[in-house]
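The data block below is target_11.txt; it holds compact mmCIF, C-alpha atoms.
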# COMPACT_ATOMS: atom_id res chain seq x y z
CA MET L 1 28.31 -9.30 20.61
CA SER L 2 25.25 -7.22 19.87
CA THR L 3 21.83 -8.77 19.47
CA PRO L 4 21.18 -9.85 15.88
CA SER L 5 19.09 -7.26 14.01
CA SER L 6 19.76 -4.58 16.64
CA PRO L 7 21.09 -1.23 15.43
CA ALA L 8 24.41 -1.92 17.15
CA TRP L 9 24.69 -5.31 15.46
CA GLU L 10 23.91 -3.76 12.11
CA GLY L 11 26.38 -0.96 12.77
CA GLU L 12 29.10 -3.50 13.45
CA LEU L 13 28.33 -5.34 10.24
CA VAL L 14 28.31 -2.12 8.21
CA SER L 15 31.63 -1.08 9.72
CA ARG L 16 33.19 -4.47 8.95
CA ALA L 17 31.74 -4.47 5.44
CA GLN L 18 33.13 -0.99 4.82
CA GLY L 19 36.51 -2.46 5.68
CA GLY L 20 36.04 -5.05 2.95
CA ASP L 21 34.58 -7.91 5.01
CA GLU L 22 32.43 -9.79 2.52
CA GLU L 23 31.00 -12.10 5.16
CA ALA L 24 29.70 -9.14 7.12
CA PHE L 25 28.10 -7.76 4.00
CA GLY L 26 26.56 -11.18 3.36
CA GLU L 27 24.92 -10.97 6.79
CA LEU L 28 23.48 -7.58 5.88
CA VAL L 29 22.16 -8.96 2.60
CA ARG L 30 20.52 -11.89 4.38
CA ALA L 31 18.99 -9.58 6.96
CA HIS L 32 17.44 -7.24 4.39
CA ALA L 33 16.72 -9.49 1.40
CA ASP L 34 13.10 -10.34 2.22
CA ARG L 35 12.08 -6.77 2.90
CA ALA L 36 13.88 -5.39 -0.15
CA TYR L 37 12.35 -8.08 -2.33
CA ALA L 38 8.84 -7.46 -0.99
CA ILE L 39 9.16 -3.75 -1.79
CA ALA L 40 10.47 -4.41 -5.30
CA LEU L 41 7.79 -7.05 -5.91
CA ARG L 42 4.94 -4.71 -5.02
CA MET L 43 6.54 -1.84 -6.92
CA THR L 44 6.94 -3.87 -10.12
CA GLY L 45 4.39 -6.67 -9.81
CA ASP L 46 6.90 -9.02 -11.39
CA PRO L 47 9.00 -11.55 -9.39
CA HIS L 48 11.80 -11.64 -11.96
CA ASP L 49 12.05 -7.87 -12.21
CA ALA L 50 11.98 -7.64 -8.43
CA GLN L 51 14.81 -10.13 -8.11
CA ASP L 52 16.92 -8.27 -10.68
CA ILE L 53 16.31 -4.95 -8.94
CA VAL L 54 17.21 -6.28 -5.51
CA GLN L 55 20.37 -7.97 -6.80
CA ASP L 56 21.49 -4.79 -8.53
CA ALA L 57 20.64 -2.73 -5.46
CA MET L 58 22.63 -4.99 -3.16
CA VAL L 59 25.66 -4.94 -5.44
CA ALA L 60 25.38 -1.15 -5.75
CA ALA L 61 25.25 -0.94 -1.96
CA TRP L 62 28.46 -2.94 -1.71
CA ARG L 63 30.19 -0.81 -4.33
CA HIS L 64 29.20 2.44 -2.65
CA LEU L 65 29.38 1.32 0.93
CA GLU L 66 32.20 3.74 1.65
CA ALA L 67 29.86 6.61 0.81
CA PHE L 68 27.40 5.45 3.45
CA ALA L 69 28.08 7.84 6.29
CA GLY L 70 25.55 6.47 8.73
CA GLN L 71 23.44 9.62 8.68
CA SER L 72 20.45 7.37 8.09
CA SER L 73 20.10 3.72 8.97
CA PHE L 74 21.54 1.15 6.58
CA ASN L 75 17.99 -0.02 6.03
CA THR L 76 16.86 3.44 4.93
CA TRP L 77 19.89 3.79 2.67
CA LEU L 78 19.37 0.39 1.06
CA THR L 79 15.65 0.97 0.63
CA ARG L 80 16.41 4.22 -1.18
CA ILE L 81 18.65 2.29 -3.59
CA VAL L 82 15.89 -0.28 -4.17
CA ILE L 83 13.30 2.42 -4.83
CA ASN L 84 15.69 4.15 -7.24
CA GLY L 85 16.17 0.81 -8.96
CA CYS L 86 12.42 0.44 -9.32
CA HIS L 87 12.25 3.95 -10.73
CA ASN L 88 14.95 3.30 -13.28
CA HIS L 89 13.66 -0.09 -14.21
CA ARG L 90 12.35 -0.41 -17.71
CA ARG L 91 9.36 -2.68 -17.72
CA ALA L 92 9.47 -2.87 -21.52
CA ALA L 93 12.43 -5.20 -21.18
CA ARG L 94 10.18 -8.01 -20.09
CA PRO L 95 6.43 -8.52 -20.49
CA THR L 96 4.51 -8.44 -17.25
CA ALA L 97 4.20 -11.92 -15.79
CA PRO L 98 0.71 -12.82 -14.65
CA LEU L 99 0.19 -14.04 -11.15
CA GLU L 100 0.87 -17.74 -10.92
CA ASP L 101 -1.78 -20.33 -11.62
CA VAL L 102 -3.90 -21.52 -8.75
CA ASP L 103 -2.18 -24.91 -8.80
CA ASN L 104 1.15 -23.25 -8.16
CA ASN L 105 0.07 -21.44 -5.01
CA ARG L 106 2.35 -21.65 -2.06
CA PRO L 107 2.67 -19.64 1.10
CA GLY L 108 4.61 -16.44 0.72
CA ASP L 109 4.76 -16.50 -3.07
CA GLY L 110 3.56 -12.93 -3.19
CA SER L 111 0.11 -13.77 -4.49
CA GLY L 112 -1.50 -13.27 -1.14
CA ILE L 113 -3.05 -16.72 -1.16
CA GLY L 114 -1.44 -19.35 0.96
CA GLY L 115 -1.13 -20.68 4.46
CA THR L 116 -3.44 -23.11 6.17
CA TRP L 117 -6.76 -21.74 4.88
CA GLU L 118 -8.15 -24.03 2.18
CA PRO L 119 -10.91 -22.27 0.25
CA GLY L 120 -12.96 -23.94 -2.44
CA PRO L 121 -12.06 -23.53 -6.11
CA GLU L 122 -14.56 -20.73 -6.73
CA GLN L 123 -13.35 -18.81 -3.70
CA VAL L 124 -9.78 -19.24 -4.81
CA VAL L 125 -10.56 -17.92 -8.27
CA LEU L 126 -12.47 -14.96 -6.85
CA ALA L 127 -9.82 -14.17 -4.27
CA ARG L 128 -7.12 -14.41 -6.90
CA ALA L 129 -9.01 -12.07 -9.19
CA GLN L 130 -9.40 -9.56 -6.37
CA LEU L 131 -5.72 -9.75 -5.48
CA ALA L 132 -4.74 -9.39 -9.12
CA ALA L 133 -6.99 -6.35 -9.36
CA ALA L 134 -5.38 -4.91 -6.24
CA GLN L 135 -1.89 -5.45 -7.65
CA THR L 136 -2.92 -3.96 -10.97
CA ALA L 137 -4.40 -0.96 -9.19
CA ILE L 138 -1.17 -0.48 -7.23
CA LEU L 139 0.86 -0.65 -10.44
CA ALA L 140 -1.44 1.91 -12.04
CA LEU L 141 -0.61 4.47 -9.37
CA PRO L 142 1.86 7.23 -10.26
CA PHE L 143 5.34 6.18 -9.17
CA ASP L 144 5.57 8.71 -6.34
CA GLN L 145 2.29 7.60 -4.80
CA ARG L 146 3.09 3.91 -5.31
CA ALA L 147 6.47 4.24 -3.63
CA ALA L 148 5.00 6.03 -0.63
CA LEU L 149 2.18 3.50 -0.31
CA VAL L 150 4.45 0.46 -0.66
CA LEU L 151 6.94 1.82 1.85
CA HIS L 152 4.17 2.53 4.34
CA THR L 153 2.05 -0.59 3.91
CA VAL L 154 4.51 -3.26 2.73
CA ALA L 155 7.72 -2.17 4.39
CA GLY L 156 5.98 -0.83 7.47
CA CYS L 157 7.75 2.51 7.30
CA SER L 158 6.40 5.40 9.29
CA HIS L 159 5.72 8.52 7.26
CA ALA L 160 8.92 9.98 8.67
CA GLU L 161 10.91 6.93 7.54
CA SER L 162 9.29 7.00 4.10
CA ALA L 163 10.15 10.66 3.86
CA ARG L 164 13.82 9.93 4.57
CA VAL L 165 13.88 7.20 1.91
CA LEU L 166 12.16 9.36 -0.70
CA GLY L 167 13.93 12.59 0.19
CA ILE L 168 10.72 14.48 0.81
CA SER L 169 9.02 16.01 3.82
CA GLU L 170 7.04 13.89 6.24
CA SER L 171 3.85 15.73 5.36
CA ALA L 172 4.48 15.09 1.65
CA ALA L 173 4.93 11.38 2.35
CA ARG L 174 1.68 11.37 4.31
CA VAL L 175 -0.18 13.10 1.47
CA ARG L 176 1.18 10.71 -1.12
CA VAL L 177 -0.07 7.72 0.88
CA HIS L 178 -3.40 9.44 1.32
CA ARG L 179 -3.71 10.12 -2.40
CA ALA L 180 -2.63 6.59 -3.26
CA ARG L 181 -5.32 5.10 -1.04
CA ALA L 182 -7.99 7.36 -2.44
CA THR L 183 -7.01 6.53 -6.01
CA LEU L 184 -6.84 2.80 -5.24
CA VAL L 185 -10.29 2.75 -3.69
CA HIS L 186 -11.71 4.78 -6.55
CA ASN L 187 -10.23 2.46 -9.18
CA LEU L 188 -11.13 -0.75 -7.36
CA ARG L 189 -14.70 0.46 -7.05
CA GLU L 190 -14.79 1.25 -10.76
CA TRP L 191 -13.39 -2.14 -11.69
CA ARG L 192 -15.90 -4.16 -9.64
CA MET D 193 -24.05 6.87 -0.55
CA SER D 194 -20.33 6.40 -0.37
CA SER D 195 -20.08 5.12 -3.92
CA THR D 196 -20.63 8.66 -5.12
CA VAL D 197 -17.61 9.99 -3.25
CA GLU D 198 -14.78 10.95 -5.58
CA PRO D 199 -11.12 10.42 -4.73
CA ALA D 200 -9.62 13.31 -2.86
CA SER D 201 -6.58 13.64 -5.08
CA GLY D 202 -7.56 17.11 -6.16
CA GLN D 203 -8.20 18.25 -2.65
CA THR D 204 -4.85 17.76 -1.04
CA THR D 205 -1.47 19.27 -1.55
CA GLU D 206 1.94 17.96 -0.59
CA ARG D 207 2.22 20.74 1.92
CA GLY D 208 -0.12 18.83 4.12
CA THR D 209 -3.05 16.49 4.14
CA ASN D 210 -6.40 18.07 4.63
CA THR D 211 -8.39 15.15 5.95
CA ARG D 212 -9.87 17.56 8.48
CA ASP D 213 -10.48 20.37 6.02
CA ALA D 214 -13.95 21.63 5.39
CA ASP D 215 -13.72 20.85 1.68
CA ALA D 216 -12.80 17.19 2.22
CA PRO D 217 -15.35 14.71 0.86
CA ARG D 218 -18.01 14.05 3.45
CA LEU D 219 -20.86 11.65 3.98
CA GLU D 220 -24.38 12.91 4.56
CA CYS D 221 -23.79 12.70 8.30
CA GLY D 222 -20.79 15.00 7.94
CA ALA D 223 -18.18 12.32 8.55
CA ASN D 224 -14.89 12.88 6.72
CA TYR D 225 -14.62 10.14 4.08
CA ASP D 226 -10.82 10.32 3.93
CA GLN D 227 -10.62 9.75 7.66
CA LEU D 228 -12.80 6.67 7.28
CA LEU D 229 -10.51 5.39 4.54
CA ALA D 230 -7.43 5.97 6.69
CA GLN D 231 -9.19 4.25 9.59
CA VAL D 232 -9.92 1.17 7.47
CA ALA D 233 -6.53 1.05 5.76
CA GLU D 234 -4.59 1.56 8.98
CA ARG D 235 -6.93 -0.67 11.00
CA GLN D 236 -7.30 2.19 13.43
CA THR D 237 -9.72 2.17 16.31
CA PRO D 238 -11.58 5.49 16.37
CA HIS D 239 -11.77 7.41 19.59
CA ASP D 240 -14.84 6.89 21.76
CA LYS D 241 -16.99 9.71 20.42
CA ARG D 242 -16.38 8.84 16.80
CA ALA D 243 -16.74 5.12 17.48
CA ALA D 244 -20.11 5.73 19.10
CA HIS D 245 -21.24 7.73 16.08
CA GLN D 246 -20.05 5.08 13.65
CA ARG D 247 -21.88 2.33 15.51
CA LEU D 248 -25.20 4.11 15.04
CA CYS D 249 -24.79 6.06 11.79
CA PRO D 250 -26.08 4.19 8.71
CA HIS D 251 -23.98 6.36 6.40
CA CYS D 252 -20.75 5.58 8.23
CA ARG D 253 -21.61 1.91 8.60
CA ALA D 254 -22.31 1.59 4.88
CA ALA D 255 -19.17 3.50 3.91
CA ILE D 256 -16.96 1.50 6.27
CA ALA D 257 -18.44 -1.77 5.04
CA GLU D 258 -17.71 -0.82 1.45
CA LEU D 259 -14.21 0.44 2.23
CA GLU D 260 -13.38 -2.72 4.14
CA GLU D 261 -14.50 -4.81 1.19
CA LEU D 262 -12.57 -2.70 -1.31
CA TRP D 263 -9.45 -2.52 0.83
CA ALA D 264 -9.36 -6.19 1.89
CA PRO D 265 -7.39 -7.51 -1.12
CA VAL D 266 -4.97 -4.57 -0.89
CA SER D 267 -4.48 -5.33 2.77
CA ILE D 268 -3.87 -9.02 2.12
CA LEU D 269 -1.46 -8.26 -0.68
CA THR D 270 0.56 -5.66 1.16
CA ARG D 271 0.67 -7.37 4.53
CA GLU D 272 1.60 -10.82 3.31
CA HIS D 273 5.09 -11.90 4.25
CA VAL D 274 7.08 -12.34 1.07
CA SER D 275 10.33 -14.27 1.13
CA ALA D 276 13.16 -13.45 -1.22
CA PRO D 277 13.68 -16.22 -3.78
CA ALA D 278 16.07 -18.96 -2.83
CA GLY D 279 19.47 -18.18 -4.23
CA LEU D 280 19.10 -14.39 -4.25
CA VAL D 281 21.61 -13.90 -1.44
CA GLN D 282 24.05 -16.31 -3.08
CA ALA D 283 23.65 -14.56 -6.42
CA VAL D 284 24.38 -11.20 -4.82
CA MET D 285 27.44 -12.49 -3.01
CA ALA D 286 28.75 -14.18 -6.16
CA ARG D 287 28.59 -10.83 -7.94
CA VAL D 288 30.19 -9.08 -4.97
CA ARG D 289 33.12 -11.50 -4.99
CA GLU D 290 33.69 -10.85 -8.68
CA LEU D 291 34.22 -7.16 -8.01
CA PRO D 292 37.53 -5.71 -6.97
CA ARG D 293 37.58 -5.30 -3.23
CA HIS D 294 38.25 -1.62 -3.54
CA PRO D 295 37.86 0.59 -6.61
CA SER D 296 41.00 2.51 -5.69
CA TYR D 297 43.19 -0.58 -5.76
CA ALA D 298 44.41 -2.86 -8.52
CA LEU D 299 44.81 -6.56 -7.80
CA LEU D 300 48.16 -8.16 -8.47
CA ALA D 301 48.42 -11.91 -9.06
CA ALA D 302 46.89 -13.77 -6.13
CA SER D 303 49.04 -15.98 -3.97
CA ASP D 304 48.10 -18.72 -1.57
CA LEU D 305 49.67 -16.57 1.12
CA GLY D 306 47.45 -13.57 0.41
CA ALA D 307 46.38 -10.95 -2.10
CA THR D 308 48.37 -7.87 -3.13
CA ARG D 309 46.52 -4.67 -3.88
CA LEU D 310 48.17 -1.68 -5.48
CA ALA D 311 46.75 1.74 -4.74
CA ALA D 312 45.79 3.70 -7.84
CA ARG D 313 47.98 6.60 -6.75
CA VAL D 314 50.99 4.27 -6.87
CA ILE D 315 50.18 3.36 -10.46
CA GLY D 316 49.81 7.06 -11.20
CA ALA D 317 53.21 7.76 -9.68
CA ILE D 318 54.84 5.02 -11.76
CA ALA D 319 53.21 6.39 -14.89
CA ARG D 320 54.35 9.96 -14.19
CA ARG D 321 57.92 8.90 -13.51
CA ALA D 322 57.94 6.86 -16.73
CA ALA D 323 56.57 9.81 -18.70
CA LEU D 324 59.30 12.10 -17.34
CA THR D 325 61.99 9.84 -18.83
CA VAL D 326 60.79 10.82 -22.31
CA PRO D 327 62.63 13.79 -23.86
CA ASP D 328 60.51 16.94 -24.18
CA VAL D 329 58.20 15.98 -21.30
CA SER D 330 58.68 18.81 -18.82
CA ALA D 331 56.15 17.79 -16.19
CA ALA D 332 53.49 15.21 -15.43
CA ALA D 333 50.91 17.00 -13.38
CA GLY D 334 49.47 16.18 -10.02
CA SER D 335 49.31 13.29 -7.61
CA GLY D 336 47.15 10.82 -9.42
CA GLY D 337 44.76 8.31 -7.94
CA ALA D 338 41.41 6.72 -8.58
CA SER D 339 39.01 9.37 -9.75
CA GLY D 340 35.85 9.81 -11.73
CA LYS D 341 37.30 13.01 -13.16
CA SER D 342 39.61 13.30 -16.11
CA ALA D 343 43.25 14.22 -15.69
CA VAL D 344 42.60 17.73 -16.93
CA ALA D 345 39.62 18.24 -14.62
CA ARG D 346 41.57 17.13 -11.57
CA HIS D 347 44.91 18.62 -12.73
CA GLY D 348 46.65 15.34 -12.13
CA THR D 349 46.80 11.75 -13.28
CA ALA D 350 43.52 9.86 -13.18
CA VAL D 351 43.79 6.11 -12.86
CA GLY D 352 40.95 3.69 -13.44
CA VAL D 353 41.44 0.22 -12.06
CA SER D 354 39.34 -2.92 -12.29
CA GLY D 355 41.03 -6.11 -11.17
CA HIS D 356 44.15 -6.47 -13.33
CA HIS D 357 43.17 -3.82 -15.86
CA VAL D 358 44.32 -0.23 -15.68
CA VAL D 359 43.44 2.88 -17.66
CA ILE D 360 45.66 5.90 -17.14
CA ASP D 361 44.69 9.46 -17.97
CA MET D 362 47.69 11.78 -17.75
CA ALA D 363 48.11 15.55 -17.88
CA LEU D 364 51.50 16.55 -19.28
CA VAL D 365 53.48 19.71 -19.87
CA LEU D 366 55.79 19.50 -22.91
CA ALA D 367 58.73 21.56 -24.06
CA ALA D 368 57.80 24.11 -26.67
CA GLY D 369 58.62 22.79 -30.13
CA ALA D 370 58.11 19.16 -29.19
CA VAL D 371 56.58 17.01 -31.91
CA ILE D 372 53.50 16.04 -29.98
CA PRO D 373 52.53 12.80 -31.79
CA THR D 374 56.08 11.54 -31.39
CA VAL D 375 56.26 12.45 -27.71
CA THR D 376 52.88 10.96 -26.83
CA THR D 377 53.78 7.72 -28.58
CA GLN D 378 57.00 7.53 -26.58
CA VAL D 379 55.15 8.34 -23.35
CA ARG D 380 52.61 5.56 -23.91
CA GLN D 381 55.37 3.09 -24.65
CA ALA D 382 57.36 4.12 -21.58
CA VAL D 383 54.35 3.97 -19.27
CA ILE D 384 53.17 0.59 -20.52
CA GLU D 385 56.65 -0.92 -20.32
CA LYS D 386 57.36 0.45 -16.84
CA ILE D 387 54.05 -0.71 -15.38
CA ALA D 388 54.51 -4.15 -16.96
CA GLN D 389 58.02 -4.29 -15.52
CA LEU D 390 57.09 -3.29 -11.99
CA THR D 391 53.66 -4.91 -11.74
CA ASP D 392 51.76 -7.62 -13.59
CA LEU D 393 48.95 -5.25 -14.50
CA THR D 394 47.57 -4.83 -18.00
CA VAL D 395 47.47 -1.24 -19.21
CA THR D 396 44.40 -0.98 -21.41
CA ALA D 397 44.90 2.66 -22.43
CA VAL D 398 47.05 5.69 -21.71
CA ASP D 399 45.12 8.87 -22.42
CA ILE D 400 47.22 12.01 -22.56
CA SER D 401 46.19 15.62 -22.21
CA ILE D 402 48.74 18.29 -23.04
CA ILE D 403 47.93 21.09 -20.63
CA ASP D 404 50.82 23.50 -21.23
CA LEU D 405 54.12 24.14 -22.98
CA THR D 406 57.37 25.40 -21.46
CA SER D 407 59.72 27.72 -23.25

Before anything else, please render the file you have as structure tokens.
Amino acid sequence: MSTPSSPAWEGELVSRAQGGDEEAFGELVRAHADRAYAIALRMTGDPHDAQDIVQDAMVAAWRHLEAFAGQSSFNTWLTRIVINGCHNHRRAARPTAPLEDVDNNRPGDGSGIGGTWEPGPEQVVLARAQLAAAQTAILALPFDQRAALVLHTVAGCSHAESARVLGISESAARVRVHRARATLVHNLREWR
Amino acid sequence: MSSTVEPASGQTTERGTNTRDADAPRLECGANYDQLLAQVAERQTPHDKRAAHQRLCPHCRAAIAELEELWAPVSILTREHVSAPAGLVQAVMARVRELPRHPSYALLAASDLGATRLAARVIGAIARRAALTVPDVSAAAGSGGASGKSAVARHGTAVGVSGHHVVIDMALVLAAGAVIPTVTTQVRQAVIEKIAQLTDLTVTAVDISIIDLTS
């Protein structure tokens, strides 16, 4: 048996899932859920929207699994579906949810505040305001720049990988990240 | 001062980044501001010569300090490990299990001993044979199967299946002089009855395209 998370292991699961093995597809979903959710969360800024997008993307992946020819990795293919879902998502369907209250903080909730560090109340409020401003600034980016930035910084994609997901050249992916950073810094400086 | 540096969005094209170009925003010392931003965002360690300059240059030190402060919340936000909500995987798999296993197959009644799936092309074949039993139907075109195209577009019989439900889109050739409403009614009745007789599937609709007449 291949090592879990290795390309061979994933290839086996994809092959079994293409043959209709739901358990194999479940393994793929488990393996990719966190990453897909993190991308959707940073793209939308809303946990509920992100969950809806990831669910729809996973189901779409199952329905179109036969069309996956293995020319890219399953991860790249799935990420492309998630990004398309973010693109098609209509934020008007649900008002933007604010980041959770300080009292509801927990590690890994997407707010950026958590873990063992225990700042004082004023620091928490300030840090939360800065993180909210950062998320707002990310959401204010044009979709193309936001997608490239999120793929590079959240998903850890190289520019080449981002380019494959977005269907653009590597240099275009690099420029979009560059522009996104410049715009973010400019806006965050203005908002201080 | 770095706070006067404008974003470089108007100074790059998607043909390539120009962080080394002469027209890139620069500090008074000549350092490329975009390179400093990339250095901070990527947590890069500059090469020795540049690192030595940055250690001594007040312009670079000020710009880097500001960029690090501005970028810190972005870095925290984007690097934090985010876990998918509990139940997301289960919700996905519940939806997956509700779907037909294969869009080209219809599901017959399940048995404890296993499931029976009927290929869409089989349903198409049954429908065509049923249609040919109707007087004035000269031909039922093609070898039908699951398809996103209509019967006319694919010159055959298109069959849509979802679980126990079937929609059939047929392309027929009739004898010249046939009363078309009468023939199509008879074809629908024959197709629905034959599929009900041979399978337990529910025919939701039988769409018919008359593509030619024979003399």

Give me, as CSV, each residue of chain L that comes within 7 Å of chain D, together with its shortest interatomic pair and the distance in Å at one decimal, counting all atoms listed in the file, with rows ordered by chain and rising residue number.
residue,atom,partner,partner_atom,distance
L:Gly20,CA,D:Arg293,CA,6.4
L:Gly26,CA,D:Met285,CA,6.6
L:Val29,CA,D:Val281,CA,6.4
L:Arg30,CA,D:Val281,CA,6.3
L:Ala33,CA,D:Ala276,CA,5.9
L:Asp34,CA,D:Ala276,CA,4.6
L:Tyr37,CA,D:Ala276,CA,5.5
L:Ala38,CA,D:Val274,CA,5.6
L:Gln55,CA,D:Val284,CA,5.5
L:Met58,CA,D:Val284,CA,6.7
L:Val59,CA,D:Val288,CA,6.2
L:Gly108,CA,D:Val274,CA,4.8
L:Asp109,CA,D:Val274,CA,6.3
L:Gly110,CA,D:Val274,CA,5.6
L:Ser111,CA,D:Leu269,CA,6.9
L:Gly112,CA,D:Leu269,CA,5.0
L:Gln130,CA,D:Pro265,CA,6.0
L:Leu131,CA,D:Pro265,CA,5.2
L:Ala134,CA,D:Val266,CA,5.4
L:Thr153,CA,D:Thr270,CA,6.0
L:Val154,CA,D:Thr270,CA,4.9
L:Ser171,CA,D:Gly208,CA,5.2
L:Ala172,CA,D:Glu206,CA,4.4
L:Arg174,CA,D:Thr209,CA,7.0
L:Val175,CA,D:Thr209,CA,5.2
L:Arg179,CA,D:Ser201,CA,5.3
L:Ala182,CA,D:Pro199,CA,4.9
L:Thr183,CA,D:Pro199,CA,5.8
L:Val185,CA,D:Leu262,CA,6.4
L:His186,CA,D:Pro199,CA,6.0
L:Leu188,CA,D:Leu262,CA,6.5
L:Arg189,CA,D:Leu262,CA,6.9

By how many Å are CA of Glu27 (chain L) and CA of Glu10 (chain L) apart? 9.0 Å

Between CA of Thr76 (chain L) and CA of Val165 (chain L), what is the distance, to one decimal in Å?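 Answer for the CA of Thr76 (chain L) to CA of Val165 (chain L) separation: 5.7 Å.
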
State, in Å with one decimal place, the distance from CA of Thr349 (chain D) to CA of Met362 (chain D).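 If I compute the distance from CA of Thr349 (chain D) to CA of Met362 (chain D), I get 4.6 Å.
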
Starting from the point (0.6, -1.6, -12.7), work out which residues of protein, DNA or RNA have an atom no more than 10 Å away when counting only C-alpha atoms; state them as a list in words.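 The answer, in the requested form, is Arg42, Met43, Thr44, Gly45, Asp46, Thr96, Ala133, Ala134, Gln135, Thr136, Ala137, Ile138, Leu139, Ala140, Leu141, Pro142, Phe143 and Arg146 of chain L.
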
Give me, as a list in words, all polymer residues having an atom no more than 10 Å from Trp77 (chain L), counting only C-alpha atoms and skipping those fewer than 4 positions away in the same chain.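 Non-adjacent residues within range: Ala61, Leu65, Phe68, Ala69, Gly70, Gln71, Ser72, Ser73, Ile81, Val82, Arg164 and Val165 of chain L.
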
Any chance you can output those residues with C-alpha atoms as a tab-separated table (two decimals), keeping the file's coordinate frame?
chain	number	residue	atom	x	y	z
L	61	ALA	CA	25.25	-0.94	-1.96
L	65	LEU	CA	29.38	1.32	0.93
L	68	PHE	CA	27.40	5.45	3.45
L	69	ALA	CA	28.08	7.84	6.29
L	70	GLY	CA	25.55	6.47	8.73
L	71	GLN	CA	23.44	9.62	8.68
L	72	SER	CA	20.45	7.37	8.09
L	73	SER	CA	20.10	3.72	8.97
L	81	ILE	CA	18.65	2.29	-3.59
L	82	VAL	CA	15.89	-0.28	-4.17
L	164	ARG	CA	13.82	9.93	4.57
L	165	VAL	CA	13.88	7.20	1.91
